[in-house]
>>> print(open('query.csv').read())   # CSV, C-alpha atoms and all ligand atoms
chain,number,residue,atom,x,y,z
A,151,PHE,CA,-0.9,-2.0,-16.9
A,152,GLY,CA,-4.3,-3.6,-17.4
A,153,ARG,CA,-3.6,-6.8,-19.3
A,154,PRO,CA,-1.7,-9.8,-18.0
A,155,TRP,CA,2.0,-9.4,-18.6
A,156,ILE,CA,4.3,-12.2,-19.9
A,157,PHE,CA,8.0,-12.8,-20.0
A,158,ILE,CA,9.2,-12.8,-23.6
A,159,ARG,CA,13.0,-13.3,-23.4
A,160,GLY,CA,16.2,-13.1,-21.4
A,161,VAL,CA,18.9,-11.2,-23.1
A,162,PRO,CA,22.5,-12.1,-22.2
A,163,SER,CA,24.1,-9.8,-24.8
A,164,MET,CA,23.1,-7.2,-27.4
A,165,GLU,CA,22.5,-9.6,-30.3
A,166,PHE,CA,19.6,-11.2,-28.4
A,167,LEU,CA,17.7,-8.0,-27.9
A,168,PRO,CA,14.2,-8.0,-29.3
A,169,PRO,CA,13.8,-5.7,-32.4
A,170,GLU,CA,13.2,-2.1,-31.3
A,171,GLY,CA,9.5,-1.3,-31.3
A,172,PRO,CA,7.6,-0.6,-28.1
A,173,LEU,CA,9.0,2.1,-25.9
A,174,GLU,CA,10.5,0.6,-22.8
A,175,VAL,CA,11.5,1.4,-19.2
A,176,ALA,CA,14.1,-0.6,-17.2
A,177,PHE,CA,14.6,-1.4,-13.5
A,178,ALA,CA,18.0,-1.5,-11.9
A,179,GLY,CA,19.1,-2.0,-8.3
A,180,ARG,CA,21.4,-3.8,-5.9
A,181,SER,CA,20.6,-7.5,-5.4
A,182,ASN,CA,17.9,-7.8,-2.8
A,183,VAL,CA,16.7,-4.2,-3.1
A,184,GLY,CA,13.2,-5.5,-3.9
A,185,LYS,CA,13.3,-5.2,-7.7
A,186,SER,CA,11.4,-8.4,-8.5
A,187,SER,CA,8.8,-7.7,-5.8
A,188,LEU,CA,8.3,-4.2,-7.2
A,189,ILE,CA,7.8,-5.3,-10.8
A,190,ASN,CA,5.4,-8.0,-9.7
A,191,ALA,CA,3.5,-5.4,-7.5
A,192,LEU,CA,3.3,-2.9,-10.4
A,193,VAL,CA,1.7,-5.3,-12.7
A,194,GLY,CA,-0.3,-7.1,-10.0
A,195,GLN,CA,1.2,-10.6,-10.8
A,196,LYS,CA,3.1,-12.3,-8.1
A,197,GLY,CA,5.2,-14.7,-10.1
A,198,LEU,CA,6.2,-12.5,-13.1
A,199,ALA,CA,9.7,-11.4,-12.2
A,200,ARG,CA,11.5,-14.1,-10.3
A,201,THR,CA,12.5,-13.0,-6.8
A,202,SER,CA,15.9,-13.6,-5.2
A,203,ASN,CA,18.3,-14.0,-8.1
A,204,THR,CA,21.2,-16.0,-6.8
A,205,PRO,CA,24.7,-14.5,-7.1
A,206,GLY,CA,26.6,-15.8,-10.1
A,207,ARG,CA,23.5,-16.7,-12.0
A,208,THR,CA,23.6,-15.9,-15.7
A,209,GLN,CA,23.1,-12.1,-16.1
A,210,GLU,CA,20.3,-11.2,-18.4
A,211,LEU,CA,18.0,-8.4,-19.2
A,212,ASN,CA,14.5,-9.8,-18.8
A,213,TYR,CA,11.8,-8.5,-21.1
A,214,PHE,CA,8.2,-8.3,-20.2
A,215,VAL,CA,5.3,-7.2,-22.4
A,216,PRO,CA,1.5,-7.2,-22.0
A,217,ASP,CA,0.1,-10.4,-23.3
A,218,GLY,CA,-1.9,-10.7,-26.5
A,219,TYR,CA,0.4,-9.4,-29.3
A,220,SER,CA,1.3,-11.5,-32.3
A,221,GLY,CA,4.7,-9.9,-32.6
A,222,GLY,CA,4.0,-9.3,-36.3
A,223,ALA,CA,4.7,-6.0,-38.0
A,224,GLY,CA,2.1,-3.4,-37.0
A,225,ASP,CA,1.1,-5.2,-33.9
A,226,LEU,CA,3.4,-3.8,-31.3
A,227,PRO,CA,2.8,-3.9,-27.6
A,228,PRO,CA,2.4,-0.4,-26.1
A,229,MET,CA,5.4,-0.8,-23.9
A,230,ALA,CA,7.9,-3.2,-22.4
A,231,LEU,CA,9.4,-3.5,-18.9
A,232,VAL,CA,13.0,-4.6,-18.7
A,233,ASP,CA,14.4,-6.2,-15.5
A,234,MET,CA,18.1,-5.5,-15.4
A,235,PRO,CA,20.4,-7.9,-13.6
A,236,GLY,CA,21.0,-7.0,-10.0
A,237,TYR,CA,24.4,-5.6,-8.9
A,238,GLY,CA,26.5,-5.3,-5.8
A,239,TYR,CA,26.9,-8.9,-4.6
A,240,ALA,CA,29.3,-9.0,-1.7
A,241,GLN,CA,31.6,-11.6,-3.2
A,242,ALA,CA,31.1,-10.9,-6.9
A,243,PRO,CA,34.3,-11.8,-8.9
A,244,LYS,CA,35.7,-9.0,-11.0
A,245,GLU,CA,34.8,-10.8,-14.3
A,246,HIS,CA,31.2,-10.8,-13.1
A,247,VAL,CA,31.2,-7.1,-12.4
A,248,ASP,CA,32.9,-6.4,-15.8
A,249,ALA,CA,30.3,-8.5,-17.7
A,250,TRP,CA,27.5,-6.7,-15.9
A,251,THR,CA,29.0,-3.3,-16.8
A,252,LYS,CA,29.5,-4.3,-20.4
A,253,LEU,CA,26.0,-5.7,-20.9
A,254,VAL,CA,24.3,-2.7,-19.2
A,255,PHE,CA,26.4,0.0,-20.8
A,256,ASP,CA,26.0,-1.5,-24.3
A,257,TYR,CA,22.3,-1.7,-23.7
A,258,LEU,CA,22.0,1.9,-22.3
A,259,ARG,CA,24.0,3.3,-25.1
A,260,GLY,CA,22.4,1.3,-27.9
A,261,ARG,CA,18.7,1.3,-27.1
A,262,ALA,CA,16.8,4.2,-28.7
A,263,THR,CA,13.5,3.0,-27.4
A,264,LEU,CA,14.6,3.0,-23.8
A,265,LYS,CA,12.9,6.0,-22.2
A,266,ARG,CA,13.9,5.8,-18.6
A,267,VAL,CA,15.7,3.6,-16.0
A,268,TYR,CA,14.2,3.3,-12.5
A,269,VAL,CA,17.0,2.9,-10.1
A,270,LEU,CA,15.8,1.2,-6.9
A,271,ILE,CA,17.3,2.1,-3.6
A,272,ASP,CA,16.5,0.4,-0.3
A,273,SER,CA,15.0,2.9,2.1
A,274,ARG,CA,17.0,1.5,5.0
A,275,HIS,CA,20.4,2.0,3.2
A,276,GLY,CA,20.1,5.0,0.9
A,277,ILE,CA,22.5,5.4,-2.0
A,278,LYS,CA,25.6,3.2,-1.5
A,279,LYS,CA,28.9,3.4,-3.4
A,280,ASN,CA,27.9,0.9,-6.1
A,281,ASP,CA,24.6,2.7,-6.6
A,282,ASP,CA,26.6,5.9,-7.1
A,283,GLU,CA,28.7,4.1,-9.7
A,284,VAL,CA,25.6,3.0,-11.6
A,285,LEU,CA,24.2,6.5,-11.5
A,286,SER,CA,27.5,7.7,-13.0
A,287,LEU,CA,27.2,5.0,-15.7
A,288,LEU,CA,23.7,6.3,-16.5
A,289,ASP,CA,24.9,9.9,-16.6
A,290,LYS,CA,27.7,8.8,-19.0
A,291,ALA,CA,25.2,7.0,-21.2
A,292,ALA,CA,22.9,10.0,-21.0
A,293,VAL,CA,19.9,7.9,-20.3
A,294,SER,CA,17.2,9.5,-18.2
A,295,TYR,CA,16.7,7.8,-14.8
A,296,GLN,CA,14.7,8.2,-11.7
A,297,ILE,CA,15.3,7.0,-8.1
A,298,VAL,CA,12.7,4.9,-6.5
A,299,LEU,CA,13.0,4.1,-2.8
A,300,THR,CA,11.9,0.6,-1.9
A,301,LYS,CA,10.6,-1.1,1.3
A,302,THR,CA,9.4,2.1,2.9
A,303,ASP,CA,7.2,0.0,5.3
A,304,LYS,CA,10.5,-0.8,7.0
A,305,ILE,CA,11.1,2.7,8.2
A,306,LYS,CA,9.0,5.4,9.9
A,307,ALA,CA,7.1,8.0,7.8
A,308,PRO,CA,9.3,11.0,8.9
A,309,GLY,CA,12.4,8.9,8.0
A,310,VAL,CA,11.0,8.4,4.4
A,311,VAL,CA,10.4,12.2,4.0
A,312,LYS,CA,14.0,12.9,5.2
A,313,LEU,CA,15.5,10.3,3.0
A,314,ILE,CA,13.6,11.6,-0.1
A,315,ALA,CA,15.0,15.1,0.7
A,316,GLU,CA,18.6,13.9,1.2
A,317,THR,CA,18.4,11.7,-1.9
A,318,GLN,CA,17.1,14.6,-4.0
A,319,GLU,CA,19.9,16.8,-2.7
A,320,LYS,CA,22.5,14.1,-3.6
A,321,ILE,CA,21.4,13.7,-7.2
A,322,LYS,CA,20.9,17.5,-7.9
A,323,LYS,CA,24.0,17.9,-9.9
A,324,ARG,CA,23.6,14.6,-11.8
A,325,PRO,CA,22.8,15.5,-15.4
A,326,ALA,CA,20.5,12.6,-16.4
A,327,ALA,CA,18.7,12.3,-13.1
A,328,PHE,CA,15.0,13.1,-12.9
A,329,PRO,CA,14.8,15.5,-9.9
A,330,VAL,CA,11.8,13.8,-8.2
A,331,VAL,CA,12.5,10.8,-6.0
A,332,LEU,CA,9.7,8.3,-5.6
A,333,SER,CA,9.0,6.0,-2.6
A,334,THR,CA,7.3,2.6,-2.6
A,335,SER,CA,6.4,-0.4,-0.6
A,336,SER,CA,5.6,-3.5,-2.6
A,337,GLU,CA,4.4,-5.1,0.6
A,338,LYS,CA,1.9,-2.3,1.5
A,339,GLY,CA,1.2,-1.1,-2.1
A,340,ASP,CA,2.4,2.4,-1.2
A,341,GLY,CA,3.6,4.6,-4.1
A,342,LEU,CA,2.7,2.2,-6.8
A,343,ASP,CA,0.2,4.5,-8.5
A,344,GLN,CA,2.8,7.3,-8.5
A,345,LEU,CA,5.3,5.0,-10.1
A,346,ARG,CA,2.8,3.8,-12.7
A,347,GLY,CA,2.0,7.4,-13.4
A,348,ALA,CA,5.7,8.2,-13.8
A,349,ILE,CA,6.2,5.3,-16.2
A,350,SER,CA,3.2,6.4,-18.3
A,351,GLU,CA,4.6,9.9,-18.5
A,352,ALA,CA,8.1,8.7,-19.3
A,353,ILE,CA,6.8,6.7,-22.3
A,354,GLY,CA,4.5,9.6,-23.3
A,355,ARG,CA,1.1,7.9,-22.8
A,401,LIG,P1,15.5,-8.4,-5.8
A,401,LIG,O1,16.7,-9.3,-5.5
A,401,LIG,O2,15.9,-7.0,-5.9
A,401,LIG,O3,14.7,-8.9,-6.9
A,401,LIG,O4,14.7,-8.4,-4.5
A,401,LIG,P2,13.3,-9.3,-4.1
A,401,LIG,O5,12.2,-8.7,-4.8
A,401,LIG,O6,13.6,-10.7,-4.3
A,401,LIG,O7,13.2,-8.9,-2.6
A,401,LIG,C1,14.3,-9.2,-1.7
A,401,LIG,C2,13.7,-9.4,-0.3
A,401,LIG,O8,13.1,-8.2,0.2
A,401,LIG,C3,12.6,-10.4,-0.2
A,401,LIG,O9,12.7,-11.1,1.0
A,401,LIG,C4,11.3,-9.6,-0.2
A,401,LIG,O10,10.2,-10.3,0.4
A,401,LIG,C5,11.7,-8.4,0.5
A,401,LIG,N1,10.9,-7.2,0.1
A,401,LIG,C6,10.8,-6.8,-1.2
A,401,LIG,N2,10.0,-5.7,-1.3
A,401,LIG,C7,9.6,-5.4,0.0
A,401,LIG,C8,8.8,-4.4,0.6
A,401,LIG,O11,8.2,-3.5,0.0
A,401,LIG,N3,8.7,-4.4,2.0
A,401,LIG,C9,9.3,-5.4,2.7
A,401,LIG,N4,9.1,-5.3,4.1
A,401,LIG,N5,10.0,-6.4,2.2
A,401,LIG,C10,10.2,-6.4,0.9
>>> encode(input="query.csv", output="structure tokens")
Amino acid sequence: FGRPWIFIRGVPSMEFLPPEGPLEVAFAGRSNVGKSSLINALVGQKGLARTSNTPGRTQELNYFVPDGYSGGAGDLPPMALVDMPGYGYAQAPKEHVDAWTKLVFDYLRGRATLKRVYVLIDSRHGIKKNDDEVLSLLDKAAVSYQIVLTKTDKIKAPGVVKLIAETQEKIKKRPAAFPVVLSTSSEKGDGLDQLRGAISEAIGR
């Protein structure tokens, strides 16, 4: 995570994906879960992922790579981070939800270099119905995923411990779920090293 990271492209559909090369991990979560804040905190750059996506905005997979690569053959970045469009807007029209599901499912099914998806869950809310649906989609696509609790500074420490245990219990029977649930606070910096470690392990570095 040492170098500066840069945004390379927004991908509205499969034909716009960058050529497969670097191994990648992706981040998913309900809108407002703290996804942009977490990506920015991970790489230590405040403005990298844009915070607060407005509902109805074009849905794209946003690709980030460490800076300094030519993009030429043989000069591949070691990894890419993919910010998936948020889900679960209160008044999202059906076409919007369908477009999200198509883009995400196509991506999950078709991307050999995708090593893991981090599914972000707000510590105050736990796994909601639409999160559950996304976990089912990931199981169906057979893509490895791990739950990351966000905004743990908003609840008391024993509450975090309890929520981790409850969440681990909930995902126990899910085939593609990584059994360990991580917890983070972008605000306080808690859990970021553990998440960086998990990512490095997921991409085998
Ligand atoms: P996104 O829609 O998932 O990208 O969420 P954002 O990163 O834009 O965050 C949504 C809101 O939650 C913003 O007001 C953030 O300031 C706030 N937020 C994000 N992470 C944290 C955190 O770790 N702690 C606290 N207290 N607030 C957070």
>>> residues_around(input="query.csv", residues="stretch 278-285 of chain A", least_positions_apart="5", cutoff="8 Å", atoms="all atoms listed in the file", output="JSON, numbers by chain")
{"A": [179, 180, 237, 238, 271]}
>>> closest_residue(input="query.csv", among="A:Val293, A:Leu288, A:Leu253, A:Ala315", to="A:Glu165", atoms="all atoms listed in the file")
A:Leu253
>>> residues_around(input="query.csv", residues="A:Val311", least_positions_apart="2", cutoff="12 Å", atoms="all atoms listed in the file", output="list in words")
Ser273, Leu299, Thr302, Ile305, Lys306, Ala307, Pro308, Gly309, Leu313, Ile314, Ala315, Glu316, Thr317, Gln318, Val331, Leu332 and Ser333 of chain A
>>> write_last_selection(input="query.csv", atoms="C-alpha atoms", output="short mmCIF file (atom, residue, chain, number, x, y, z; two decimals), in the frame of the given file")
data_model
loop_
_atom_site.label_atom_id
_atom_site.label_comp_id
_atom_site.auth_asym_id
_atom_site.auth_seq_id
_atom_site.Cartn_x
_atom_site.Cartn_y
_atom_site.Cartn_z
CA SER A 273 15.00 2.90 2.10
CA LEU A 299 13.00 4.10 -2.80
CA THR A 302 9.40 2.10 2.90
CA ILE A 305 11.10 2.70 8.20
CA LYS A 306 9.00 5.40 9.90
CA ALA A 307 7.10 8.00 7.80
CA PRO A 308 9.30 11.00 8.90
CA GLY A 309 12.40 8.90 8.00
CA LEU A 313 15.50 10.30 3.00
CA ILE A 314 13.60 11.60 -0.10
CA ALA A 315 15.00 15.10 0.70
CA GLU A 316 18.60 13.90 1.20
CA THR A 317 18.40 11.70 -1.90
CA GLN A 318 17.10 14.60 -4.00
CA VAL A 331 12.50 10.80 -6.00
CA LEU A 332 9.70 8.30 -5.60
CA SER A 333 9.00 6.00 -2.60
#
>>> residues_near_ligand(input="query.csv", ligand="ligand LIG 401 (chain A)", cutoff="8 Å", atoms="all atoms listed in the file", output="PDB file with C-alpha atoms, in the frame of the given file")
ATOM      1  CA  GLY A 179      19.100  -2.000  -8.300  1.00  0.00           C
ATOM      2  CA  ARG A 180      21.400  -3.800  -5.900  1.00  0.00           C
ATOM      3  CA  SER A 181      20.600  -7.500  -5.400  1.00  0.00           C
ATOM      4  CA  ASN A 182      17.900  -7.800  -2.800  1.00  0.00           C
ATOM      5  CA  VAL A 183      16.700  -4.200  -3.100  1.00  0.00           C
ATOM      6  CA  GLY A 184      13.200  -5.500  -3.900  1.00  0.00           C
ATOM      7  CA  LYS A 185      13.300  -5.200  -7.700  1.00  0.00           C
ATOM      8  CA  SER A 186      11.400  -8.400  -8.500  1.00  0.00           C
ATOM      9  CA  SER A 187       8.800  -7.700  -5.800  1.00  0.00           C
ATOM     10  CA  LEU A 188       8.300  -4.200  -7.200  1.00  0.00           C
ATOM     11  CA  ALA A 199       9.700 -11.400 -12.200  1.00  0.00           C
ATOM     12  CA  ARG A 200      11.500 -14.100 -10.300  1.00  0.00           C
ATOM     13  CA  THR A 201      12.500 -13.000  -6.800  1.00  0.00           C
ATOM     14  CA  SER A 202      15.900 -13.600  -5.200  1.00  0.00           C
ATOM     15  CA  ASN A 203      18.300 -14.000  -8.100  1.00  0.00           C
ATOM     16  CA  GLY A 236      21.000  -7.000 -10.000  1.00  0.00           C
ATOM     17  CA  THR A 300      11.900   0.600  -1.900  1.00  0.00           C
ATOM     18  CA  LYS A 301      10.600  -1.100   1.300  1.00  0.00           C
ATOM     19  CA  THR A 302       9.400   2.100   2.900  1.00  0.00           C
ATOM     20  CA  ASP A 303       7.200   0.000   5.300  1.00  0.00           C
ATOM     21  CA  LYS A 304      10.500  -0.800   7.000  1.00  0.00           C
ATOM     22  CA  THR A 334       7.300   2.600  -2.600  1.00  0.00           C
ATOM     23  CA  SER A 335       6.400  -0.400  -0.600  1.00  0.00           C
ATOM     24  CA  SER A 336       5.600  -3.500  -2.600  1.00  0.00           C
ATOM     25  CA  GLU A 337       4.400  -5.100   0.600  1.00  0.00           C
ATOM     26  CA  LYS A 338       1.900  -2.300   1.500  1.00  0.00           C
ATOM     27  CA  GLY A 339       1.200  -1.100  -2.100  1.00  0.00           C
TER      28      GLY A 339
END
>>> atom_distance(input="query.csv", atom1="atom CA of A:Lys290", atom2="atom CA of A:Ile321")
14.2 Å
>>> atom_distance(input="query.csv", atom1="atom CA of A:Glu351", atom2="atom CA of A:Lys252")
28.7 Å
>>> residues_near_point(input="query.csv", point="(20.0, -10.2, -14.2)", cutoff="9 Å", atoms="all atoms listed in the file", output="list in words")
Gly160, Pro162, Asn203, Arg207, Thr208, Gln209, Glu210, Leu211, Asn212, Asp233, Met234, Pro235, Gly236, Tyr237 and Trp250 of chain A
>>> residues_around(input="query.csv", residues="A:Ser350", least_positions_apart="5", cutoff="10 Å", atoms="only C-alpha atoms", output="JSON, numbers by chain")
{"A": [151, 175, 229, 344, 345, 355]}
